[in-house]
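Encoded as structure tokens, the structure appears first; notes follow it.
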Amino acid sequence: MFFDSEDYINRFIVHFGIENCYVCEINRKIAAMAFALPTTLSHFLTFNFKFSTLNLKYIYACATHPNYRRQGVMEKLLATIYDISCNENIAGVFLHAADENLANYYRKLGFQDFFYRNSSTFNRKGREEGTKHTMKFLTPDEYSNKRIQKLEKQYFANWNEDFFRFLNETGVQFCEYENTIFSFRTEDSKLIVDELLSNTPEQQIANLLFEQFPDCESIDIRTTGNENCCGQMKWNQFINTDIRSGYFAFALE
């Protein structure tokens, strides 16, 4: 259904297991499924130099068998995942909608726009010529540790180091340039920078990548910001919070 390779699926199961998979069966046949992956919403508290964390679950790979679509099966499965999560004192469940139609569907189920980011596109034809630059590739563990330091002033979905190892195994590269860290992956003749954390101008990072990848024609760069909604949250009804928005990347799209 999602056109994922067998290698991707096998690696996903190795890293995340099947215990996080919820299944709806009808007449002993699988009608729908979804994963609920544990993570946290983190925020650095400057007054005591500690991280405040709320436990969350990320809903991923929602799928309904064609024979059971438009019958409310997924709605019931998501409600079940939400109820179980609330009983486990999870602060909320969140997801990434593939398009606006799905986003509207999730809004009707009680999910609120919560995670935001900015996005820009750069084309090779418009690149600025400059001197050659070098960037350093980071291990997943190095990137995970540096990332926490960069995001300490905002609420963000905080994945563990194994999550970044999975991303690396499935094609995501982690890099550092001066005081900047970023991740990227290839998609045909385009590069997708899923995350850029620094004050370095985006155009400068685009030029750097154009130099490194001569076959690349365009680059999408995603940064922290509030322009585009990229994730929706459904809070535990028994937990009071006044958090209005957060940052989320690496949606396992």
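The way I read the labels, and the way they are meant: chains A, B, ... in the order of the structure tokens, residue 1 as the first residue of every chain, and ligand 1 as the first ligand shown, with later ones counted on from there.
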
Residue neighbourhood Asn89 (chain A), 10 Å, only C-alpha atoms, exclusion window fewer than 6 positions, as a list in words:
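That gives Leu54, Asn55, Leu56, Asp83, Asn236, Phe238 and Ile239 of chain A.
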
Region 58-78 of chain A near region 90-98 of chain A within 12 Å: what's each residue's closest atom pair and its distance in Å to one decimal, counting only C-alpha atoms, ordered by chain then ascending residue number, as a tab-separated table?
```
residue	atom	partner	partner_atom	distance
A:Tyr58	CA	A:Phe94	CA	5.1
A:Ile59	CA	A:Leu95	CA	5.1
A:Tyr60	CA	A:Leu95	CA	6.6
A:Ala61	CA	A:Leu95	CA	9.7
A:Cys62	CA	A:Leu95	CA	9.7
A:Leu78	CA	A:Val93	CA	9.6
```

Just to be explicit: take each residue in the selection above, keep C-alpha atoms, and write the result as an mmCIF file, in the first residue's frame.
```cif
data_model
loop_
_atom_site.group_PDB
_atom_site.id
_atom_site.type_symbol
_atom_site.label_atom_id
_atom_site.label_comp_id
_atom_site.auth_asym_id
_atom_site.auth_seq_id
_atom_site.Cartn_x
_atom_site.Cartn_y
_atom_site.Cartn_z
ATOM 1 C CA TYR A 58 3.350 8.977 17.081
ATOM 2 C CA ILE A 59 0.705 7.318 14.920
ATOM 3 C CA TYR A 60 2.217 5.999 11.715
ATOM 4 C CA ALA A 61 1.355 3.757 8.747
ATOM 5 C CA CYS A 62 -2.412 3.916 9.083
ATOM 6 C CA LEU A 78 -7.618 5.463 16.146
#
```

Excluding same-chain residues fewer than 4 positions from region 243-247 of chain A, what lies within 7 Å of it counting only C-alpha atoms, as an MDAnalysis selection string?
chainID A and resid 114:117 154:157 224

As an mmCIF file with C-alpha atoms, in the first residue's frame, please: every residue in region 38-164 of chain A that a backbone DSSP assignment puts in helix (DSSP H, G or I).
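Here's the written file out_17.cif:
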```cif
data_model
loop_
_atom_site.group_PDB
_atom_site.id
_atom_site.type_symbol
_atom_site.label_atom_id
_atom_site.label_comp_id
_atom_site.auth_asym_id
_atom_site.auth_seq_id
_atom_site.Cartn_x
_atom_site.Cartn_y
_atom_site.Cartn_z
ATOM 1 C CA PRO A 66 -9.877 -1.863 0.452
ATOM 2 C CA ASN A 67 -12.806 -4.128 1.398
ATOM 3 C CA TYR A 68 -13.336 -2.210 4.650
ATOM 4 C CA VAL A 73 -12.947 1.098 10.738
ATOM 5 C CA MET A 74 -9.914 3.404 10.939
ATOM 6 C CA GLU A 75 -11.850 5.906 13.019
ATOM 7 C CA LYS A 76 -12.582 3.191 15.594
ATOM 8 C CA LEU A 77 -8.983 1.959 15.533
ATOM 9 C CA LEU A 78 -7.618 5.463 16.146
ATOM 10 C CA ALA A 79 -10.127 5.963 18.958
ATOM 11 C CA THR A 80 -8.924 2.719 20.528
ATOM 12 C CA ILE A 81 -5.274 3.775 20.288
ATOM 13 C CA TYR A 82 -6.166 7.124 21.844
ATOM 14 C CA ASP A 83 -8.130 5.551 24.726
ATOM 15 C CA ILE A 84 -5.347 3.068 25.485
ATOM 16 C CA SER A 85 -2.784 5.873 25.415
ATOM 17 C CA CYS A 86 -4.838 8.015 27.790
ATOM 18 C CA ASN A 87 -5.141 5.085 30.210
ATOM 19 C CA GLU A 100 -4.900 18.371 3.269
ATOM 20 C CA ASN A 101 -7.841 16.004 2.745
ATOM 21 C CA LEU A 102 -6.424 13.628 5.338
ATOM 22 C CA ALA A 103 -5.631 16.577 7.618
ATOM 23 C CA ASN A 104 -9.312 17.582 7.501
ATOM 24 C CA TYR A 105 -10.320 13.996 8.245
ATOM 25 C CA TYR A 106 -8.099 13.924 11.328
ATOM 26 C CA ARG A 107 -9.407 17.307 12.472
ATOM 27 C CA LYS A 108 -12.900 15.816 12.519
ATOM 28 C CA ARG A 124 20.380 24.968 -9.361
ATOM 29 C CA LYS A 125 19.752 27.626 -12.027
ATOM 30 C CA GLY A 126 19.400 30.251 -9.325
ATOM 31 C CA PRO A 140 23.259 9.191 13.999
ATOM 32 C CA ASP A 141 24.277 9.348 17.665
ATOM 33 C CA GLU A 142 26.337 12.508 17.124
ATOM 34 C CA TYR A 143 23.474 14.159 15.300
ATOM 35 C CA SER A 144 20.958 13.194 17.980
ATOM 36 C CA ASN A 145 23.078 14.746 20.718
ATOM 37 C CA LYS A 146 23.817 17.957 18.819
ATOM 38 C CA ARG A 147 20.169 18.285 17.795
ATOM 39 C CA ILE A 148 18.969 18.449 21.406
ATOM 40 C CA GLN A 149 21.309 21.381 22.061
ATOM 41 C CA LYS A 150 19.994 23.253 19.016
ATOM 42 C CA GLU A 161 19.184 7.709 19.128
ATOM 43 C CA ASP A 162 17.943 4.417 17.659
ATOM 44 C CA PHE A 163 15.368 6.359 15.633
ATOM 45 C CA PHE A 164 18.182 8.277 13.924
#
```

In terms of the shortest atom-to-atom distance over only C-alpha atoms, which of A:Gln173, A:Glu25, A:Asn158, A:Ser52 is closest to Leu37 (chain A)?
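Looking at the shortest contact to Leu37 (chain A), the residue is A:Asn158.
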
Just how far from CA of Thr170 (chain A) is CA of Lys234 (chain A), in Å to one decimal?
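CA of Thr170 (chain A) lies 28.8 Å from CA of Lys234 (chain A).
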
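Across the model, the gap from CA of Asn160 (chain A) to CA of Glu195 (chain A) is 16.1 Å.
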
Contacts of Ala206 (chain A) within 7 Å, only C-alpha atoms, excl. fewer than 4 positions in-chain, as a list in words:
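Contacts, with the query itself left out: Phe122, Glu202, Phe210 and Ile219 of chain A.
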
Keeping only C-alpha atoms, write the selected residues to a file as a PDB file, in the first residue's frame.
```
ATOM      1  CA  PHE A 122      16.156  26.323  -4.230  1.00  0.00           C
ATOM      2  CA  GLU A 202      19.435  28.595   3.730  1.00  0.00           C
ATOM      3  CA  PHE A 210      24.758  21.841  -5.018  1.00  0.00           C
ATOM      4  CA  ILE A 219      16.656  21.338  -2.968  1.00  0.00           C
TER       5      ILE A 219
END
```

Counting only C-alpha atoms, what is within 7 Å of Tyr22 (chain A), bar same-chain residues fewer than 4 positions away, as a list in words?
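The neighbour list is Met33, Ala34 and Phe35 of chain A.
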
Just write the chosen residues, C-alpha atoms, as a PDB file, in the first residue's frame.
```pdb
ATOM      1  CA  MET A  33      -3.683  -1.372  11.171  1.00  0.00           C
ATOM      2  CA  ALA A  34      -1.602   1.483  12.575  1.00  0.00           C
ATOM      3  CA  PHE A  35       1.596   1.876  14.562  1.00  0.00           C
TER       4      PHE A  35
END
```

Return the single residue from A:Asp220, A:Glu152, A:Glu211, A:Asp194 that is closest to Leu252 (chain A), with distances computed using only C-alpha atoms.
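Using only C-alpha atoms, Leu252 (chain A) sits closest to A:Asp194.
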
Could you list, as a PyMOL selection string, every residue within 12 Å of Asn123 (chain A), counting only C-alpha atoms and ignoring same-chain residues fewer than 6 positions away?
chain A and resi 189-191+203+206-207+209-210+215-221
